[in-house]
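Trainee: There's a structure below that I have some questions on.
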Amino acid sequence: MKAAIRTHYGSPDQIEIASLDIPAPKADEVLVKIHATTVNRTDCANLTAKPFIMRFILGFSKPKQPIMGTDFAAEVIEIGKNVTEFKKGDKVMGFLDTGAESQAEYATVSTKNLFLMPDNISYAQAAASLEGAHYAYSFIHKVDIKPGQKVLINGASGAIGSALLQFVRQYKVTIAVTCPTKNIELIKSLGADKVYDYTSEDFTADTKAQYDFVFDTVGKSTFGKCKPLLSKNGVYISSELAAIHKMYFYP
Ligand SMILES: NC(=O)c1ccc[n+]([C@@H]2O[C@H](COP(=O)([O-])OP(=O)(O)OC[C@H]3O[C@@H](n4cnc5c(N)ncnc54)[C@H](OP(=O)(O)O)[C@@H]3O)[C@@H](O)[C@H]2O)c1
């Protein structure tokens with residue numbers, strides 16, 4: 001099979017297309033034929049091993065997994081001997097932030113990282129829906145959002161932000177967002193009640209507004225700047241490390 005590989009950490013120039021053997025699935029894995037994958041922000045982090053802490057997972061001096069790729073939409077070709085949840089021909093999708101080796105014609109995947117694709121979407125749509133939604137879910141699965149609360153999403157037109165907007169609207173909350181002028185109508189159609197146009201407005205200046213949650217999905221704000229906007233017991237979460245941590249993790 002053909003696969004996009006790299007042998008050390010660094011820039012995209014070192015990625016090559018190699019011819020490799022098709023892998024065989026272990027007992028709890030399936031072999032899939034990849035129909036769609038993406039090049040996403042997690043791939044960039046895995047390529048460069050930045051922040052540095054990622055080397056503890058990806059391999060300290062060089063990558064343990066040479067094949068790139070974290071997400072996929074694919075068809076099951078072969079199943080391992082213990083697999084009962086999936087069968088040959090199933091259309092499946094998955095995302096693994098530590099690497100799914102999916103920028104290849106075939107990949108083996110553990111069933112715990114595999115989901116059946118909804119019938120009404122294409123392989124391309126399935127692959128494109130995974131990474132942003134994965135991180136968006138990490139914003140909400142440890143907090144208790146209640147109907148009637150107020151949520152602000154900074155960066156609602158990004159991969160994480162647009163997925164988060166669609167998740168939080170299920171809670172029947174009031175949603176304020178930031179996005180650029182060109183995306184205001186799109187973002188309103190996804191469920192935003194109030195929009196700050198970040199090209200002309202600074203949402204942190206609106207200190208009369210009070211939010212139970214400020215989710216910064218683009219990492220452009222700070223807790224200090226957003227604190228005046230938080231209600232009593234309000235929660236701030238960002239997709240980016242705080243400046244002090246960046247000094248340690250991006251040496
Ligand atoms: N902690 C983690 O594990 C983790 C994982 C993944 C990503 N991240 C971080 O999360 C951030 C977003 O990731 P993503 O994949 O969603 O990126 P993305 O798809 O590129 O989205 C970022 C969006 O932010 C919008 N934007 C740019 N400047 C802005 C500003 N000043 N105010 C508000 N919105 C602004 C842009 O919208 P328009 O295009 O509409 O202008 C852009 O689409 C990145 O900084 C990334 O490093 C962290």
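By order of appearance in the structure tokens: chains A, B, ..., then residues from 1 within every chain, and ligands from 1 in the order shown.
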What residues have any atom no more than 10 Å from ligand 1 when counting only C-alpha atoms and all ligand atoms, and can you list them as a short mmCIF file (atom, residue, chain, number, x, y, z; two decimals) with N, CA and C atoms, in the first residue's frame?
Mentor:
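Final output, saved to out09.cif:
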data_model
loop_
_atom_site.label_atom_id
_atom_site.label_comp_id
_atom_site.auth_asym_id
_atom_site.auth_seq_id
_atom_site.Cartn_x
_atom_site.Cartn_y
_atom_site.Cartn_z
N ASN A 40 -4.77 17.87 9.61
CA ASN A 40 -5.36 18.78 10.60
C ASN A 40 -4.29 19.30 11.57
N ARG A 41 -4.75 20.09 12.52
CA ARG A 41 -3.83 20.73 13.46
C ARG A 41 -3.09 19.68 14.30
N THR A 42 -3.77 18.59 14.64
CA THR A 42 -3.12 17.55 15.44
C THR A 42 -1.99 16.89 14.63
N ASP A 43 -2.21 16.73 13.31
CA ASP A 43 -1.14 16.18 12.46
C ASP A 43 0.09 17.08 12.52
N CYS A 44 -0.16 18.41 12.52
CA CYS A 44 0.97 19.35 12.56
C CYS A 44 1.73 19.18 13.88
N ALA A 45 1.01 19.03 14.98
CA ALA A 45 1.66 18.86 16.28
C ALA A 45 2.43 17.53 16.32
N PRO A 51 3.62 20.79 21.33
CA PRO A 51 4.55 21.02 22.42
C PRO A 51 5.41 19.79 22.76
N ASP A 97 -5.86 11.09 18.60
CA ASP A 97 -4.94 12.23 18.59
C ASP A 97 -3.47 11.80 18.65
N GLU A 131 -12.05 15.81 14.05
CA GLU A 131 -11.06 16.41 14.95
C GLU A 131 -11.65 17.56 15.77
N GLY A 132 -12.35 18.48 15.09
CA GLY A 132 -12.94 19.62 15.80
C GLY A 132 -13.92 19.14 16.87
N ALA A 133 -14.76 18.18 16.49
CA ALA A 133 -15.76 17.67 17.44
C ALA A 133 -15.10 16.98 18.63
N HIS A 134 -14.01 16.28 18.38
CA HIS A 134 -13.28 15.60 19.47
C HIS A 134 -12.86 16.62 20.54
N TYR A 135 -12.21 17.71 20.10
CA TYR A 135 -11.74 18.70 21.08
C TYR A 135 -12.90 19.51 21.65
N ALA A 136 -13.94 19.73 20.84
CA ALA A 136 -15.11 20.45 21.35
C ALA A 136 -15.74 19.67 22.51
N SER A 138 -14.22 17.79 24.53
CA SER A 138 -13.38 17.88 25.74
C SER A 138 -13.66 19.18 26.51
N PHE A 139 -14.27 20.18 25.86
CA PHE A 139 -14.65 21.40 26.58
C PHE A 139 -15.84 21.15 27.50
N ILE A 153 -18.67 31.52 23.19
CA ILE A 153 -17.67 30.73 22.46
C ILE A 153 -16.82 31.69 21.64
N ASN A 154 -15.53 31.78 21.99
CA ASN A 154 -14.62 32.61 21.20
C ASN A 154 -14.05 31.76 20.06
N GLY A 155 -14.26 32.23 18.81
CA GLY A 155 -13.75 31.48 17.65
C GLY A 155 -14.74 30.47 17.13
N ALA A 156 -16.03 30.88 17.01
CA ALA A 156 -17.08 29.91 16.65
C ALA A 156 -17.02 29.46 15.20
N SER A 157 -16.21 30.11 14.36
CA SER A 157 -16.16 29.67 12.96
C SER A 157 -15.02 28.68 12.70
N GLY A 158 -14.27 28.31 13.73
CA GLY A 158 -13.19 27.33 13.56
C GLY A 158 -13.71 25.91 13.66
N ALA A 159 -12.81 24.95 13.50
CA ALA A 159 -13.20 23.53 13.56
C ALA A 159 -13.76 23.18 14.94
N ILE A 160 -13.04 23.58 16.00
CA ILE A 160 -13.51 23.27 17.36
C ILE A 160 -14.73 24.12 17.69
N GLY A 161 -14.65 25.43 17.36
CA GLY A 161 -15.73 26.35 17.74
C GLY A 161 -17.06 26.00 17.10
N SER A 162 -17.05 25.65 15.80
CA SER A 162 -18.33 25.37 15.13
C SER A 162 -18.93 24.07 15.65
N ALA A 163 -18.07 23.10 16.00
CA ALA A 163 -18.59 21.86 16.59
C ALA A 163 -19.16 22.14 17.99
N LEU A 164 -18.42 22.95 18.76
CA LEU A 164 -18.87 23.25 20.13
C LEU A 164 -20.21 23.99 20.12
N VAL A 177 -21.18 34.39 20.57
CA VAL A 177 -19.98 33.87 19.90
C VAL A 177 -19.17 35.02 19.32
N THR A 178 -17.92 34.72 18.96
CA THR A 178 -17.16 35.64 18.12
C THR A 178 -16.88 34.95 16.79
N CYS A 179 -16.90 35.74 15.72
CA CYS A 179 -16.50 35.24 14.39
C CYS A 179 -16.28 36.46 13.50
N PRO A 180 -15.68 36.29 12.31
CA PRO A 180 -15.49 37.45 11.44
C PRO A 180 -16.76 37.79 10.67
N THR A 181 -16.81 39.00 10.10
CA THR A 181 -18.00 39.50 9.39
C THR A 181 -18.52 38.47 8.39
N LYS A 182 -17.58 37.89 7.61
CA LYS A 182 -18.01 37.01 6.51
C LYS A 182 -18.75 35.76 6.99
N ASN A 183 -18.56 35.39 8.24
CA ASN A 183 -19.19 34.15 8.72
C ASN A 183 -20.37 34.36 9.67
N ILE A 184 -20.81 35.63 9.84
CA ILE A 184 -21.87 35.89 10.82
C ILE A 184 -23.16 35.12 10.49
N LEU A 186 -23.63 32.41 8.67
CA LEU A 186 -23.43 30.97 8.84
C LEU A 186 -23.51 30.60 10.33
N ILE A 187 -22.83 31.38 11.15
CA ILE A 187 -22.75 31.05 12.57
C ILE A 187 -24.10 31.24 13.26
N TYR A 196 -20.33 38.66 18.32
CA TYR A 196 -19.34 39.74 18.34
C TYR A 196 -18.47 39.53 17.09
N ASP A 197 -18.39 40.55 16.23
CA ASP A 197 -17.54 40.46 15.04
C ASP A 197 -16.11 40.77 15.48
N TYR A 198 -15.26 39.74 15.50
CA TYR A 198 -13.92 39.97 16.09
C TYR A 198 -13.05 40.90 15.24
N THR A 199 -13.49 41.17 13.99
CA THR A 199 -12.69 42.10 13.17
C THR A 199 -12.94 43.56 13.57
N GLU A 201 -14.88 44.24 16.91
CA GLU A 201 -15.29 44.34 18.31
C GLU A 201 -14.39 43.47 19.19
N ASP A 202 -14.19 43.93 20.45
CA ASP A 202 -13.46 43.13 21.43
C ASP A 202 -14.49 42.64 22.45
N PHE A 203 -14.80 41.35 22.42
CA PHE A 203 -15.87 40.85 23.30
C PHE A 203 -15.54 41.06 24.77
N ASP A 216 -12.92 29.47 25.13
CA ASP A 216 -12.08 30.07 24.09
C ASP A 216 -11.53 28.95 23.22
N THR A 217 -12.18 28.70 22.08
CA THR A 217 -11.80 27.56 21.24
C THR A 217 -10.65 27.91 20.30
N VAL A 218 -10.21 29.18 20.33
CA VAL A 218 -9.15 29.58 19.41
C VAL A 218 -7.91 30.07 20.17
N GLY A 219 -8.03 30.13 21.49
CA GLY A 219 -6.88 30.46 22.33
C GLY A 219 -6.36 31.87 22.16
N LYS A 220 -7.27 32.81 21.83
CA LYS A 220 -6.81 34.19 21.59
C LYS A 220 -7.04 35.10 22.79
N SER A 221 -7.72 34.60 23.81
CA SER A 221 -7.98 35.43 24.99
C SER A 221 -7.14 34.91 26.16
N SER A 238 -9.82 27.21 27.81
CA SER A 238 -9.20 27.61 26.54
C SER A 238 -8.58 26.40 25.86
N SER A 239 -8.51 26.46 24.53
CA SER A 239 -7.86 25.38 23.77
C SER A 239 -6.35 25.55 23.74
N GLU A 240 -5.86 26.68 24.22
CA GLU A 240 -4.42 26.94 24.19
C GLU A 240 -3.84 26.95 25.59
N LEU A 241 -2.55 26.65 25.68
CA LEU A 241 -1.86 26.73 26.95
C LEU A 241 -1.73 28.20 27.37
#
Trainee: With DSSP run on the backbone, what are the strand (DSSP E) residues within stretch 108-190 of chain A? I'd like them as number ranges by chain.
Mentor: A: 108-110, 115-116, 150-154, 174-179
Trainee: Go ahead and dump the residues you just picked, N, CA, C and O atoms, as a PDB file, in the first residue's frame.
Mentor:
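Written file, again-v6.pdb:
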ATOM      1  N   THR A 108      -4.813  -0.477  10.335  1.00  0.00           N
ATOM      2  CA  THR A 108      -5.471  -1.328  11.324  1.00  0.00           C
ATOM      3  C   THR A 108      -5.886  -0.435  12.497  1.00  0.00           C
ATOM      4  O   THR A 108      -5.140   0.474  12.887  1.00  0.00           O
ATOM      5  N   VAL A 109      -7.091  -0.679  13.025  1.00  0.00           N
ATOM      6  CA  VAL A 109      -7.636   0.183  14.068  1.00  0.00           C
ATOM      7  C   VAL A 109      -8.248  -0.675  15.163  1.00  0.00           C
ATOM      8  O   VAL A 109      -8.970  -1.642  14.875  1.00  0.00           O
ATOM      9  N   SER A 110      -7.977  -0.303  16.413  1.00  0.00           N
ATOM     10  CA  SER A 110      -8.630  -0.985  17.531  1.00  0.00           C
ATOM     11  C   SER A 110     -10.126  -0.631  17.509  1.00  0.00           C
ATOM     12  O   SER A 110     -10.500   0.507  17.232  1.00  0.00           O
ATOM     13  N   PHE A 115     -16.131   3.939  15.059  1.00  0.00           N
ATOM     14  CA  PHE A 115     -17.572   4.187  15.119  1.00  0.00           C
ATOM     15  C   PHE A 115     -18.174   3.916  13.748  1.00  0.00           C
ATOM     16  O   PHE A 115     -17.528   4.163  12.740  1.00  0.00           O
ATOM     17  N   LEU A 116     -19.421   3.450  13.746  1.00  0.00           N
ATOM     18  CA  LEU A 116     -20.114   3.309  12.465  1.00  0.00           C
ATOM     19  C   LEU A 116     -20.444   4.689  11.934  1.00  0.00           C
ATOM     20  O   LEU A 116     -20.839   5.585  12.702  1.00  0.00           O
ATOM     21  N   LYS A 150     -25.786  30.969  30.326  1.00  0.00           N
ATOM     22  CA  LYS A 150     -25.237  31.756  29.222  1.00  0.00           C
ATOM     23  C   LYS A 150     -23.820  31.280  28.909  1.00  0.00           C
ATOM     24  O   LYS A 150     -22.993  31.145  29.812  1.00  0.00           O
ATOM     25  N   VAL A 151     -23.589  31.061  27.613  1.00  0.00           N
ATOM     26  CA  VAL A 151     -22.300  30.521  27.164  1.00  0.00           C
ATOM     27  C   VAL A 151     -21.707  31.458  26.116  1.00  0.00           C
ATOM     28  O   VAL A 151     -22.429  31.935  25.236  1.00  0.00           O
ATOM     29  N   LEU A 152     -20.410  31.726  26.223  1.00  0.00           N
ATOM     30  CA  LEU A 152     -19.727  32.473  25.166  1.00  0.00           C
ATOM     31  C   LEU A 152     -18.674  31.573  24.525  1.00  0.00           C
ATOM     32  O   LEU A 152     -17.903  30.926  25.238  1.00  0.00           O
ATOM     33  N   ILE A 153     -18.674  31.522  23.188  1.00  0.00           N
ATOM     34  CA  ILE A 153     -17.670  30.733  22.459  1.00  0.00           C
ATOM     35  C   ILE A 153     -16.816  31.693  21.639  1.00  0.00           C
ATOM     36  O   ILE A 153     -17.325  32.361  20.721  1.00  0.00           O
ATOM     37  N   ASN A 154     -15.526  31.784  21.990  1.00  0.00           N
ATOM     38  CA  ASN A 154     -14.617  32.615  21.198  1.00  0.00           C
ATOM     39  C   ASN A 154     -14.051  31.760  20.060  1.00  0.00           C
ATOM     40  O   ASN A 154     -13.491  30.694  20.298  1.00  0.00           O
ATOM     41  N   THR A 174     -28.324  30.205  26.269  1.00  0.00           N
ATOM     42  CA  THR A 174     -28.162  31.373  25.405  1.00  0.00           C
ATOM     43  C   THR A 174     -26.696  31.408  24.983  1.00  0.00           C
ATOM     44  O   THR A 174     -25.804  31.288  25.823  1.00  0.00           O
ATOM     45  N   ILE A 175     -26.468  31.567  23.673  1.00  0.00           N
ATOM     46  CA  ILE A 175     -25.093  31.439  23.162  1.00  0.00           C
ATOM     47  C   ILE A 175     -24.641  32.732  22.488  1.00  0.00           C
ATOM     48  O   ILE A 175     -25.281  33.204  21.540  1.00  0.00           O
ATOM     49  N   ALA A 176     -23.533  33.283  22.998  1.00  0.00           N
ATOM     50  CA  ALA A 176     -22.859  34.393  22.320  1.00  0.00           C
ATOM     51  C   ALA A 176     -21.572  33.842  21.723  1.00  0.00           C
ATOM     52  O   ALA A 176     -20.972  32.924  22.282  1.00  0.00           O
ATOM     53  N   VAL A 177     -21.182  34.390  20.572  1.00  0.00           N
ATOM     54  CA  VAL A 177     -19.976  33.873  19.903  1.00  0.00           C
ATOM     55  C   VAL A 177     -19.169  35.025  19.324  1.00  0.00           C
ATOM     56  O   VAL A 177     -19.675  36.138  19.175  1.00  0.00           O
ATOM     57  N   THR A 178     -17.918  34.724  18.961  1.00  0.00           N
ATOM     58  CA  THR A 178     -17.157  35.643  18.120  1.00  0.00           C
ATOM     59  C   THR A 178     -16.884  34.947  16.792  1.00  0.00           C
ATOM     60  O   THR A 178     -16.695  33.724  16.743  1.00  0.00           O
ATOM     61  N   CYS A 179     -16.899  35.736  15.720  1.00  0.00           N
ATOM     62  CA  CYS A 179     -16.501  35.241  14.393  1.00  0.00           C
ATOM     63  C   CYS A 179     -16.276  36.462  13.500  1.00  0.00           C
ATOM     64  O   CYS A 179     -16.617  37.573  13.895  1.00  0.00           O
TER      65      CYS A 179
END
Trainee: Quick one: everything within 9 Å of A:Gln65, counting only C-alpha atoms, minus sequence neighbours fewer than 6 positions away in the same chain. Send it as a ChimeraX atom specification.
Mentor: /A:5-7,58-59,99-101
Trainee: Looking at A:Val92, A:Met68, A:Val83, A:Leu190, which one is nearest to A:Ile121, with distances taken over only C-alpha atoms?
Mentor: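 Of A:Val92, A:Met68, A:Val83, A:Leu190, the one nearest A:Ile121, counting only C-alpha atoms, is A:Val92.
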Trainee: Let me make sure I understand: among A:Ile237, A:Val143, A:Met117, A:Val32, which one has the smallest atom-to-atom distance to A:Ala104 if we use only C-alpha atoms?
Mentor: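 Between A:Ile237, A:Val143, A:Met117, A:Val32, the residue approaching A:Ala104 most closely is A:Val32.
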Trainee: Measuring between only C-alpha atoms, which one of A:Val173, A:Ile53, A:Leu20, A:Tyr211 shows the shortest distance to A:Gly191?
Mentor: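 Selected residue with least distance to A:Gly191: A:Val173.
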Trainee: In Å, rounded to a single decimal, give me how far atom CA of A:Ala126 is from atom CA of A:Gln166.
Mentor: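 Result for atom CA of A:Gln166 versus atom CA of A:Ala126: 15.8 Å, one decimal.
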Trainee: Among stretch 131-192 of chain A, which residues does DSSP mark as alpha helix (DSSP H) when it is run on the backbone? Keep the chain and numbering as in the structure and answer as a short mmCIF file (atom, residue, chain, number, x, y, z; two decimals) with C-alpha atoms, in the first residue's frame.
Mentor:
data_model
loop_
_atom_site.label_atom_id
_atom_site.label_comp_id
_atom_site.auth_asym_id
_atom_site.auth_seq_id
_atom_site.Cartn_x
_atom_site.Cartn_y
_atom_site.Cartn_z
CA GLU A 131 -11.06 16.41 14.95
CA GLY A 132 -12.94 19.62 15.80
CA ALA A 133 -15.76 17.67 17.44
CA HIS A 134 -13.28 15.60 19.47
CA TYR A 135 -11.74 18.70 21.08
CA ALA A 136 -15.11 20.45 21.35
CA TYR A 137 -16.37 17.52 23.41
CA SER A 138 -13.38 17.88 25.74
CA PHE A 139 -14.65 21.40 26.58
CA ILE A 140 -18.01 20.17 27.82
CA ALA A 159 -13.20 23.53 13.56
CA ILE A 160 -13.51 23.27 17.36
CA GLY A 161 -15.73 26.35 17.74
CA SER A 162 -18.33 25.37 15.13
CA ALA A 163 -18.59 21.86 16.59
CA LEU A 164 -18.87 23.25 20.13
CA LEU A 165 -21.62 25.66 19.07
CA GLN A 166 -23.64 22.75 17.72
CA PHE A 167 -23.05 20.71 20.89
CA VAL A 168 -23.96 23.45 23.41
CA ILE A 184 -21.87 35.89 10.82
CA GLU A 185 -24.86 34.50 8.87
CA LEU A 186 -23.43 30.97 8.84
CA ILE A 187 -22.75 31.05 12.57
CA LYS A 188 -26.21 32.42 13.36
CA SER A 189 -27.67 29.55 11.31
#
Trainee: What does the distance from atom CA of A:Ala107 to atom CA of A:His141 come to in Å, to one decimal?
Mentor: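 Between atom CA of A:Ala107 and atom CA of A:His141 the gap works out to 29.1 Å.
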Trainee: For a test of reading the model, state the distance in Å between atom CA of A:Val76 and atom CA of A:Pro12, rounded to one decimal.
Mentor: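 Distance reported for this atom pair: 29.5 Å.
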Trainee: I'd like the contact shell of A:Tyr9 - 10 Å cut-off, only C-alpha atoms, skipping same-chain residues fewer than 4 positions apart - returned as a list in words.
Mentor: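 Close residues of A:Tyr9: Gln14, Ala45, Asn46, Leu47, Thr48, Ala49, Lys50, Arg55, Gly59, Phe60, Ser61, Lys62 and Pro63 of chain A.
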